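Shown next, in C-alpha cells, is the structure this report addresses.
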Amino acid sequence: MTDREIIQHIDEGADYYVSLFGEAEYMEKMDKEYYSYVKPKAGEQGITFIYNVRIESLAPEQKKAVIEEMKSMNAPIWLSLLVSDETAVLYSGKEPAHGQSEPSEEGERYMAMLAEEKREYNGKNHEIIKVKTASDFALWARITNDIFFDGYPEIHPIHHYIWCEEKGVKCCILYHDSVPASVAAIMDHQGAASLEFVGTVSGMRQKGFARAVCERAVSEAFSDGASIITIRAVNAAAARLYQSIGFKEYSV
C-alpha cells in the first residue's frame, strides 16, 4: 500500500468518524452537493461538523464560494489531507508546508498500522471488556464524554448505542481495581478501521492503561479482518504512545 493510499484511508477514517455522530434520532446528517455535515435537530444539542468535502474539480471561483459557504456555518471542517495546493491556499490563505517542518508539540499527527505490521498482544495484565450491552455503552459513553468533552454528552449514552448495535463500532473499557480507568474504540469502515477515543480518566494517567486498551483494541480489529488501522494523534505525546505499539506517522 502506497503512502498516498494510506493517507487516503486516514481521510476516510476521519469522515466516517464524523458521520457516525449523525447516526442518532436527535441528529441530522445532510449531504449537500459539495460537502456533508452533521448537526443536532432544532431544539437539540450536539456536535456540528462539516466533512466529506468534494470541491477539487471546481473552478477556483466556485471553489472559493463553497469554502466561504462552509466557513459561514461556524463549524469545524475536515478538509482532506490530500487537498491540492490551490484549495489549501483558498481555504487557509497560505501555502502548505508538505512536511518541510515538524508540527508543534500540540499539533495533530496522522498515523497508521498495516495488518502485516501488527505486533503480538498477550493482554493478561489488565481487565478489559468489550461493550456488549446498552448499559455497557452508557458507561463507556459517560467516561468518554468526561475525558474528551468535559462531561458534555456529545456521545449520547442511549441514542448513539446504534454504533455498536448496527455500525459495528467496538468499544473497550479497561478496569483497574474494579474501577473504569481507560477507554478506546475501533470504527471499521469496509475493512479499513480507525482507532478513536483513546483516553484515561483523570487521576489514573501515566500508568500504562491507555497503551493496554489500545493494544487490545488494535489486536481485535486485525483479528476481525481489518487491513489497516488509522489514527489522528492529537499531539506529540499521543503520537509517541501510538508509535510504541507499532503505528507509523505519515505526512503529505
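Chain labels follow the order of the C-alpha cells: the first chain is A, the next B, and so on; residue numbering restarts at 1 in every chain, and ligands are counted from 1 in their shown order.
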
Would you kindly return, as a PyMOL selection string, each protein, DNA or RNA residue with an atom no farther than 8 Å from any atom of range 58-66 of chain A, considering only C-alpha atoms and excluding same-chain residues fewer than 6 positions away? chain A and resi 34+87+90-91

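Summary of the local environment: counting only C-alpha atoms, residues at most 10 Å from Thr230 in chain A, other than itself and those fewer than 3 positions away along its chain, are Ile6, Ile7, His9, Ile10, Asp11, Glu12, Gly13, Ala14, Tyr110, Met111, Ala112, Met113, Leu114, Ile186, Met187, Ala192, Ala193, Ser194, Leu195, Glu196, Ala233, Phe247, Lys248 and Glu249 of chain A.
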
Selection export as a tab-separated table (two decimals), in the first residue's frame, atoms kept: N, CA, C and O atoms:
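Okay, again.tsv is ready:
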chain	number	residue	atom	x	y	z
A	6	ILE	N	-2.48	5.17	2.03
A	6	ILE	CA	-2.63	5.16	3.48
A	6	ILE	C	-3.22	6.48	3.97
A	6	ILE	O	-4.12	6.50	4.81
A	7	ILE	N	-2.72	7.59	3.44
A	7	ILE	CA	-3.25	8.90	3.83
A	7	ILE	C	-4.72	9.03	3.42
A	7	ILE	O	-5.53	9.60	4.15
A	9	HIS	N	-6.81	6.58	3.42
A	9	HIS	CA	-7.54	5.84	4.46
A	9	HIS	C	-7.68	6.68	5.73
A	9	HIS	O	-8.71	6.60	6.42
A	10	ILE	N	-6.66	7.46	6.06
A	10	ILE	CA	-6.76	8.35	7.23
A	10	ILE	C	-7.89	9.36	7.02
A	10	ILE	O	-8.70	9.61	7.92
A	11	ASP	N	-7.96	9.92	5.81
A	11	ASP	CA	-9.06	10.83	5.46
A	11	ASP	C	-10.41	10.14	5.61
A	11	ASP	O	-11.34	10.68	6.21
A	12	GLU	N	-10.52	8.95	5.05
A	12	GLU	CA	-11.79	8.23	5.08
A	12	GLU	C	-12.18	7.88	6.51
A	12	GLU	O	-13.37	7.91	6.86
A	13	GLY	N	-11.19	7.55	7.34
A	13	GLY	CA	-11.48	7.26	8.74
A	13	GLY	C	-12.04	8.47	9.45
A	13	GLY	O	-12.98	8.36	10.25
A	14	ALA	N	-11.48	9.65	9.17
A	14	ALA	CA	-11.97	10.88	9.79
A	14	ALA	C	-13.39	11.18	9.34
A	14	ALA	O	-14.26	11.54	10.14
A	110	TYR	N	-0.80	12.26	11.93
A	110	TYR	CA	-1.64	11.30	11.21
A	110	TYR	C	-0.86	10.00	11.09
A	110	TYR	O	0.27	9.97	10.59
A	111	MET	N	-1.47	8.90	11.56
A	111	MET	CA	-0.73	7.67	11.75
A	111	MET	C	-1.54	6.47	11.27
A	111	MET	O	-2.77	6.53	11.12
A	112	ALA	N	-0.82	5.37	11.03
A	112	ALA	CA	-1.50	4.15	10.58
A	112	ALA	C	-0.63	2.94	10.89
A	112	ALA	O	0.60	3.04	11.07
A	113	MET	N	-1.28	1.78	10.94
A	113	MET	CA	-0.60	0.49	11.07
A	113	MET	C	-1.27	-0.48	10.11
A	113	MET	O	-2.50	-0.59	10.09
A	114	LEU	N	-0.45	-1.16	9.31
A	114	LEU	CA	-0.96	-2.18	8.39
A	114	LEU	C	-1.02	-3.53	9.09
A	114	LEU	O	-0.31	-3.77	10.07
A	186	ILE	N	-12.86	1.14	18.18
A	186	ILE	CA	-12.49	0.88	16.79
A	186	ILE	C	-13.72	1.10	15.92
A	186	ILE	O	-14.79	0.54	16.17
A	187	MET	N	-13.55	1.94	14.89
A	187	MET	CA	-14.60	2.16	13.91
A	187	MET	C	-14.14	1.55	12.59
A	187	MET	O	-13.18	2.03	11.99
A	192	ALA	N	-11.26	-1.04	6.55
A	192	ALA	CA	-10.28	-0.03	6.95
A	192	ALA	C	-10.78	0.58	8.25
A	192	ALA	O	-11.83	1.22	8.28
A	193	ALA	N	-10.05	0.34	9.32
A	193	ALA	CA	-10.52	0.73	10.65
A	193	ALA	C	-9.79	1.98	11.13
A	193	ALA	O	-8.70	2.32	10.64
A	194	SER	N	-10.40	2.67	12.08
A	194	SER	CA	-9.72	3.78	12.76
A	194	SER	C	-9.85	3.59	14.26
A	194	SER	O	-10.87	3.10	14.76
A	195	LEU	N	-8.77	3.92	14.96
A	195	LEU	CA	-8.73	3.86	16.42
A	195	LEU	C	-9.16	5.22	16.95
A	195	LEU	O	-8.58	6.24	16.57
A	196	GLU	N	-10.18	5.25	17.79
A	196	GLU	CA	-10.77	6.51	18.23
A	196	GLU	C	-10.94	6.53	19.76
A	196	GLU	O	-10.97	5.49	20.40
A	233	ALA	N	-3.51	11.39	15.93
A	233	ALA	CA	-2.98	11.68	17.27
A	233	ALA	C	-3.12	13.16	17.55
A	233	ALA	O	-2.72	14.00	16.74
A	247	PHE	N	2.35	2.01	15.46
A	247	PHE	CA	1.84	2.93	14.45
A	247	PHE	C	2.98	3.76	13.87
A	247	PHE	O	3.95	4.08	14.54
A	248	LYS	N	2.84	4.13	12.59
A	248	LYS	CA	3.80	4.97	11.89
A	248	LYS	C	3.13	6.28	11.50
A	248	LYS	O	1.94	6.30	11.19
A	249	GLU	N	3.93	7.34	11.48
A	249	GLU	CA	3.39	8.66	11.13
A	249	GLU	C	3.53	8.90	9.63
A	249	GLU	O	4.53	8.53	9.01

When you look at range 155-166 of chain A with a cut-off of 12 Å (counting only C-alpha atoms), what residues show up, excluding the ones that are within fewer than 6 positions of it in the same chain? I need them as a count of residues only. 43

Just the residues within 12 Å of Ser92 in chain A, please, counting only C-alpha atoms, with nothing from its chain fewer than 5 positions along; format it as number ranges by chain. A: 64, 67-68, 71, 77, 79, 83, 85-87

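Minimum distance to His176 in chain A across A:Gly203, A:Gly208, A:Ala236, A:His126 (counting only C-alpha atoms) occurs at A:His126.
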
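Minimum atom-to-atom distances from A:Arg109, A:Lys170, A:Lys207, A:Lys124 to Arg232 in chain A were compared using only C-alpha atoms, and the lowest value belongs to A:Arg109.
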
Two-atom distance - CA of Gln243 in chain A, CA of Ser84 in chain A (Å): 28.1 Å

Neighbouring residues of Asp177 in chain A were defined as those with any atom within 12 Å, considering only C-alpha atoms; residues of the same chain fewer than 4 positions away were excluded. Please report them as a PyMOL selection string. chain A and resi 125-128+181+204

Mind listing the alpha helix (DSSP H) residues of range 57-251 of chain A, per DSSP on the backbone, as a PyMOL selection string? chain A and resi 60-71+85-92+134-148+162-165+209-223+236-244

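With CA of Gly168 in chain A on one side and CA of Ala226 in chain A on the other, the separation reads 12.3 Å.
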
DSSP strand (DSSP E or B) selection over range 146-232 of chain A, as an NGL selection string: :A and (170-176 or 179-189 or 192-200 or 228-232)

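Between CA of Leu174 in chain A and CA of Tyr121 in chain A the separation is 15.2 Å.
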